[in-house]
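Trainee: Sharing structure-v2.pdb below, PDB, C-alpha atoms, pLDDT in the B column:
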ATOM      1  CA  MET A   1      63.242  17.909  13.521  1.00 88.00           C
ATOM      2  CA  GLU A   2      61.101  15.903  11.098  1.00 92.00           C
ATOM      3  CA  LEU A   3      62.387  14.111   8.004  1.00 93.00           C
ATOM      4  CA  SER A   4      60.651  16.703   5.806  1.00 94.00           C
ATOM      5  CA  ASP A   5      62.765  19.405   7.517  1.00 95.00           C
ATOM      6  CA  VAL A   6      65.939  17.372   6.914  1.00 96.00           C
ATOM      7  CA  ILE A   7      65.042  16.957   3.243  1.00 96.00           C
ATOM      8  CA  ALA A   8      64.297  20.664   2.845  1.00 97.00           C
ATOM      9  CA  TYR A   9      67.600  21.588   4.493  1.00 97.00           C
ATOM     10  CA  CYS A  10      69.580  19.139   2.315  1.00 97.00           C
ATOM     11  CA  LEU A  11      67.997  20.569  -0.821  1.00 97.00           C
ATOM     12  CA  SER A  12      68.673  24.144   0.306  1.00 97.00           C
ATOM     13  CA  LEU A  13      72.423  23.573   0.069  1.00 97.00           C
ATOM     14  CA  PRO A  14      74.161  24.799  -3.116  1.00 95.00           C
ATOM     15  CA  GLU A  15      73.956  22.354  -6.029  1.00 93.00           C
ATOM     16  CA  ALA A  16      72.380  19.646  -3.843  1.00 96.00           C
ATOM     17  CA  GLU A  17      70.129  17.165  -5.596  1.00 96.00           C
ATOM     18  CA  GLU A  18      67.823  14.339  -4.562  1.00 97.00           C
ATOM     19  CA  THR A  19      68.235  11.010  -6.340  1.00 96.00           C
ATOM     20  CA  THR A  20      66.948   7.459  -5.875  1.00 95.00           C
ATOM     21  CA  PRO A  21      69.757   5.194  -7.178  1.00 93.00           C
ATOM     22  CA  PHE A  22      68.783   2.396  -4.758  1.00 90.00           C
ATOM     23  CA  GLY A  23      65.075   2.521  -5.606  1.00 89.00           C
ATOM     24  CA  PRO A  24      62.177   4.609  -4.311  1.00 88.00           C
ATOM     25  CA  ASP A  25      62.655   3.485  -0.698  1.00 90.00           C
ATOM     26  CA  VAL A  26      65.943   5.387  -0.215  1.00 93.00           C
ATOM     27  CA  LEU A  27      66.393   9.097  -0.874  1.00 96.00           C
ATOM     28  CA  VAL A  28      69.991  10.036  -1.635  1.00 97.00           C
ATOM     29  CA  TYR A  29      71.254  13.614  -1.471  1.00 97.00           C
ATOM     30  CA  LYS A  30      74.298  14.447  -3.559  1.00 96.00           C
ATOM     31  CA  VAL A  31      76.571  17.313  -4.427  1.00 96.00           C
ATOM     32  CA  GLY A  32      78.754  17.007  -7.501  1.00 93.00           C
ATOM     33  CA  GLY A  33      77.502  13.452  -7.986  1.00 93.00           C
ATOM     34  CA  LYS A  34      78.661  12.285  -4.517  1.00 95.00           C
ATOM     35  CA  MET A  35      76.425  11.307  -1.602  1.00 95.00           C
ATOM     36  CA  PHE A  36      76.303  13.415   1.545  1.00 96.00           C
ATOM     37  CA  ALA A  37      72.998  12.150   3.011  1.00 97.00           C
ATOM     38  CA  LEU A  38      70.652   9.159   2.711  1.00 95.00           C
ATOM     39  CA  ALA A  39      67.197   8.737   4.173  1.00 94.00           C
ATOM     40  CA  ALA A  40      64.555   6.020   4.153  1.00 87.00           C
ATOM     41  CA  PRO A  41      61.227   7.868   4.282  1.00 85.00           C
ATOM     42  CA  ASP A  42      59.215   4.811   5.334  1.00 87.00           C
ATOM     43  CA  ASP A  43      61.315   4.116   8.456  1.00 87.00           C
ATOM     44  CA  PHE A  44      59.826   4.964  11.839  1.00 89.00           C
ATOM     45  CA  PRO A  45      61.324   6.726  13.527  1.00 91.00           C
ATOM     46  CA  ALA A  46      62.890   8.336  10.483  1.00 93.00           C
ATOM     47  CA  ARG A  47      66.639   8.070  10.079  1.00 94.00           C
ATOM     48  CA  VAL A  48      69.235   9.893   8.032  1.00 96.00           C
ATOM     49  CA  ASN A  49      72.797   8.782   7.269  1.00 95.00           C
ATOM     50  CA  LEU A  50      75.420  11.526   7.185  1.00 96.00           C
ATOM     51  CA  LYS A  51      79.114  11.534   6.446  1.00 95.00           C
ATOM     52  CA  CYS A  52      81.241  12.681   9.389  1.00 94.00           C
ATOM     53  CA  ASN A  53      84.854  13.189  10.361  1.00 92.00           C
ATOM     54  CA  PRO A  54      85.890   9.892  12.044  1.00 89.00           C
ATOM     55  CA  ASP A  55      86.953  11.501  15.334  1.00 89.00           C
ATOM     56  CA  ARG A  56      83.800  13.567  15.490  1.00 90.00           C
ATOM     57  CA  SER A  57      81.714  10.470  14.652  1.00 90.00           C
ATOM     58  CA  LEU A  58      82.927   8.743  17.795  1.00 88.00           C
ATOM     59  CA  GLU A  59      82.366  11.837  19.910  1.00 90.00           C
ATOM     60  CA  MET A  60      78.800  12.258  18.628  1.00 92.00           C
ATOM     61  CA  ARG A  61      77.967   8.582  19.204  1.00 94.00           C
ATOM     62  CA  ASP A  62      79.261   8.767  22.780  1.00 92.00           C
ATOM     63  CA  ARG A  63      77.290  11.910  23.464  1.00 95.00           C
ATOM     64  CA  TYR A  64      73.917  11.118  21.856  1.00 95.00           C
ATOM     65  CA  ALA A  65      72.028   7.802  21.898  1.00 95.00           C
ATOM     66  CA  ALA A  66      70.217   8.828  18.689  1.00 96.00           C
ATOM     67  CA  ILE A  67      73.510   8.996  16.776  1.00 96.00           C
ATOM     68  CA  GLN A  68      74.675   5.533  15.801  1.00 93.00           C
ATOM     69  CA  PRO A  69      77.236   3.973  13.448  1.00 90.00           C
ATOM     70  CA  GLY A  70      76.140   4.386   9.838  1.00 84.00           C
ATOM     71  CA  TRP A  71      73.558   1.762   8.948  1.00 75.00           C
ATOM     72  CA  HIS A  72      74.687  -0.097   5.789  1.00 76.00           C
ATOM     73  CA  MET A  73      77.588   2.362   5.441  1.00 78.00           C
ATOM     74  CA  ASN A  74      81.276   2.589   6.353  1.00 73.00           C
ATOM     75  CA  LYS A  75      80.924   3.007  10.117  1.00 75.00           C
ATOM     76  CA  LYS A  76      84.167   4.951  10.366  1.00 78.00           C
ATOM     77  CA  HIS A  77      82.933   7.750   8.108  1.00 86.00           C
ATOM     78  CA  TRP A  78      79.127   7.638   8.410  1.00 93.00           C
ATOM     79  CA  ASN A  79      76.625   8.105  11.228  1.00 95.00           C
ATOM     80  CA  THR A  80      72.924   7.352  11.354  1.00 95.00           C
ATOM     81  CA  LEU A  81      70.829   9.982  13.102  1.00 96.00           C
ATOM     82  CA  VAL A  82      67.558   8.649  14.490  1.00 95.00           C
ATOM     83  CA  LEU A  83      65.008  11.453  14.211  1.00 95.00           C
ATOM     84  CA  ASP A  84      63.175  10.593  17.415  1.00 94.00           C
ATOM     85  CA  GLY A  85      62.982  14.143  18.756  1.00 94.00           C
ATOM     86  CA  THR A  86      65.949  13.845  21.117  1.00 95.00           C
ATOM     87  CA  LEU A  87      68.507  15.615  18.922  1.00 96.00           C
ATOM     88  CA  PRO A  88      68.460  19.429  18.837  1.00 96.00           C
ATOM     89  CA  PRO A  89      67.431  20.717  15.372  1.00 96.00           C
ATOM     90  CA  GLU A  90      70.500  22.981  15.311  1.00 97.00           C
ATOM     91  CA  LEU A  91      72.761  19.951  15.795  1.00 96.00           C
ATOM     92  CA  ILE A  92      71.044  18.053  12.975  1.00 96.00           C
ATOM     93  CA  GLN A  93      71.488  21.021  10.632  1.00 97.00           C
ATOM     94  CA  GLU A  94      75.119  21.392  11.708  1.00 96.00           C
ATOM     95  CA  LEU A  95      75.800  17.696  11.008  1.00 96.00           C
ATOM     96  CA  ILE A  96      74.098  17.900   7.596  1.00 97.00           C
ATOM     97  CA  ALA A  97      76.229  20.939   6.725  1.00 97.00           C
ATOM     98  CA  HIS A  98      79.351  19.121   7.985  1.00 96.00           C
ATOM     99  CA  SER A  99      78.551  16.109   5.790  1.00 96.00           C
ATOM    100  CA  TYR A 100      77.901  18.334   2.780  1.00 96.00           C
ATOM    101  CA  GLN A 101      81.163  20.230   3.347  1.00 95.00           C
ATOM    102  CA  LEU A 102      83.236  17.040   3.661  1.00 94.00           C
ATOM    103  CA  VAL A 103      81.873  15.796   0.349  1.00 95.00           C
ATOM    104  CA  PHE A 104      82.110  19.192  -1.371  1.00 93.00           C
ATOM    105  CA  GLU A 105      85.761  19.578  -0.346  1.00 91.00           C
ATOM    106  CA  SER A 106      86.561  16.169  -1.885  1.00 88.00           C
ATOM    107  CA  LEU A 107      85.224  17.216  -5.316  1.00 86.00           C
ATOM    108  CA  SER A 108      87.486  18.121  -8.204  1.00 78.00           C
ATOM    109  CA  PRO A 109      87.726  21.860  -8.965  1.00 77.00           C
ATOM    110  CA  LYS A 110      85.606  21.334 -12.094  1.00 74.00           C
ATOM    111  CA  LYS A 111      82.773  19.773 -10.083  1.00 74.00           C
ATOM    112  CA  LYS A 112      82.959  22.503  -7.434  1.00 68.00           C
ATOM    113  CA  SER A 113      82.138  25.280  -9.902  1.00 65.00           C
ATOM    114  CA  PRO A 114      78.417  26.080 -10.130  1.00 59.00           C
ATOM    115  CA  GLN A 115      76.680  24.312 -12.964  1.00 52.00           C
ATOM    116  CA  LYS A 116      74.155  25.956 -15.244  1.00 42.00           C
ATOM    117  CA  LYS A 117      70.638  24.566 -14.929  1.00 39.00           C
TER
END
Could you quickly redo this structure as structure tokens?

Mentor:
Amino acid sequence: MELSDVIAYCLSLPEAEETTPFGPDVLVYKVGGKMFALAAPDDFPARVNLKCNPDRSLEMRDRYAAIQPGWHMNKKHWNTLVLDGTLPPELIQELIAHSYQLVFESLSPKKKSPQKK
């Protein structure tokens, strides 16, 4: 899965938005104003940081060399996926959805309701 596919999938999720609060070198994907994914488009191989349940984070890191502790993030709650072609696309999508869901569930009821655009 290429970074462009990751970006497209992130943006396909309800109410997801792309922001650049850290400058143009880091793309941040948010729902309800909270981050669920970060990517640095100039990195090679491309990488994406995703929030993850702490127990699942450890399991994923043990199982896949391309899943590492979150780079520049809380390593208990974030993983970095190296998009080097070794991770199945279905797994990447599943982990993006998991990250999105963790963040969405933490939102207040007001932020969870669809916003008019």

Trainee: For Ile67 in chain A, work out the shell of residues within 12 Å, counting all atoms listed in the file and skipping chain neighbours fewer than 4 positions away, then give it as a PyMOL selection string.

Mentor: chain A and resi 47-50+52+56-63+71+75+78-88+91-92+95

Trainee: Would you mind telling me which residue in A:Tyr64, A:Tyr9, A:Glu15, A:Phe36 lies nearest to His98 in chain A when using all atoms listed in the file?

Mentor: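 Closest to His98 in chain A, using all atoms listed in the file: A:Phe36.
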
Trainee: Can you spell out as number ranges by chain the set of residues that the PyMOL selection byres ((chain A and resi 29) around 10) selects in the structure I just provided?

Mentor: A: 7, 10-11, 16-20, 26-28, 30-31, 33-39, 50, 100

Trainee: For the interface of range 37-103 of chain A with range 107-110 of chain A (cut-off 12 Å, counting all atoms listed in the file), please tabulate each contacting residue of range 37-103 of chain A alongside its nearest pair of atoms and their separation in Å to one decimal, rows sorted by chain and increasing number, as a tab-separated table.

Mentor:
residue	atom	partner	partner_atom	distance
A:Tyr100	CA	A:Leu107	CA	11.0
A:Gln101	CA	A:Leu107	CA	10.0
A:Leu102	CA	A:Leu107	CA	9.2
A:Val103	CA	A:Leu107	CA	6.7

Trainee: So what do you get for CA of Lys51 in chain A versus CA of Gly23 in chain A, distance-wise?

Mentor: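 For CA of Lys51 in chain A relative to CA of Gly23 in chain A, the distance reads 20.6 Å.
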
Trainee: Just the number, please: distance in Å from CA of Ala46 in chain A to CA of Ala97 in chain A, one decimal.

Mentor: 18.7 Å

Trainee: Using all atoms listed in the file, find the one residue out of A:Ile96, A:Ala65, A:Ser106, A:Pro54 that sits nearest to Ser12 in chain A.

Mentor: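 Looking only at the distances to Ser12 in chain A, the closest residue turns out to be A:Ile96.
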
Trainee: Please report the interatomic distance between CA of Pro69 in chain A and CA of Pro24 in chain A in Å with one decimal.

Mentor: 23.3 Å
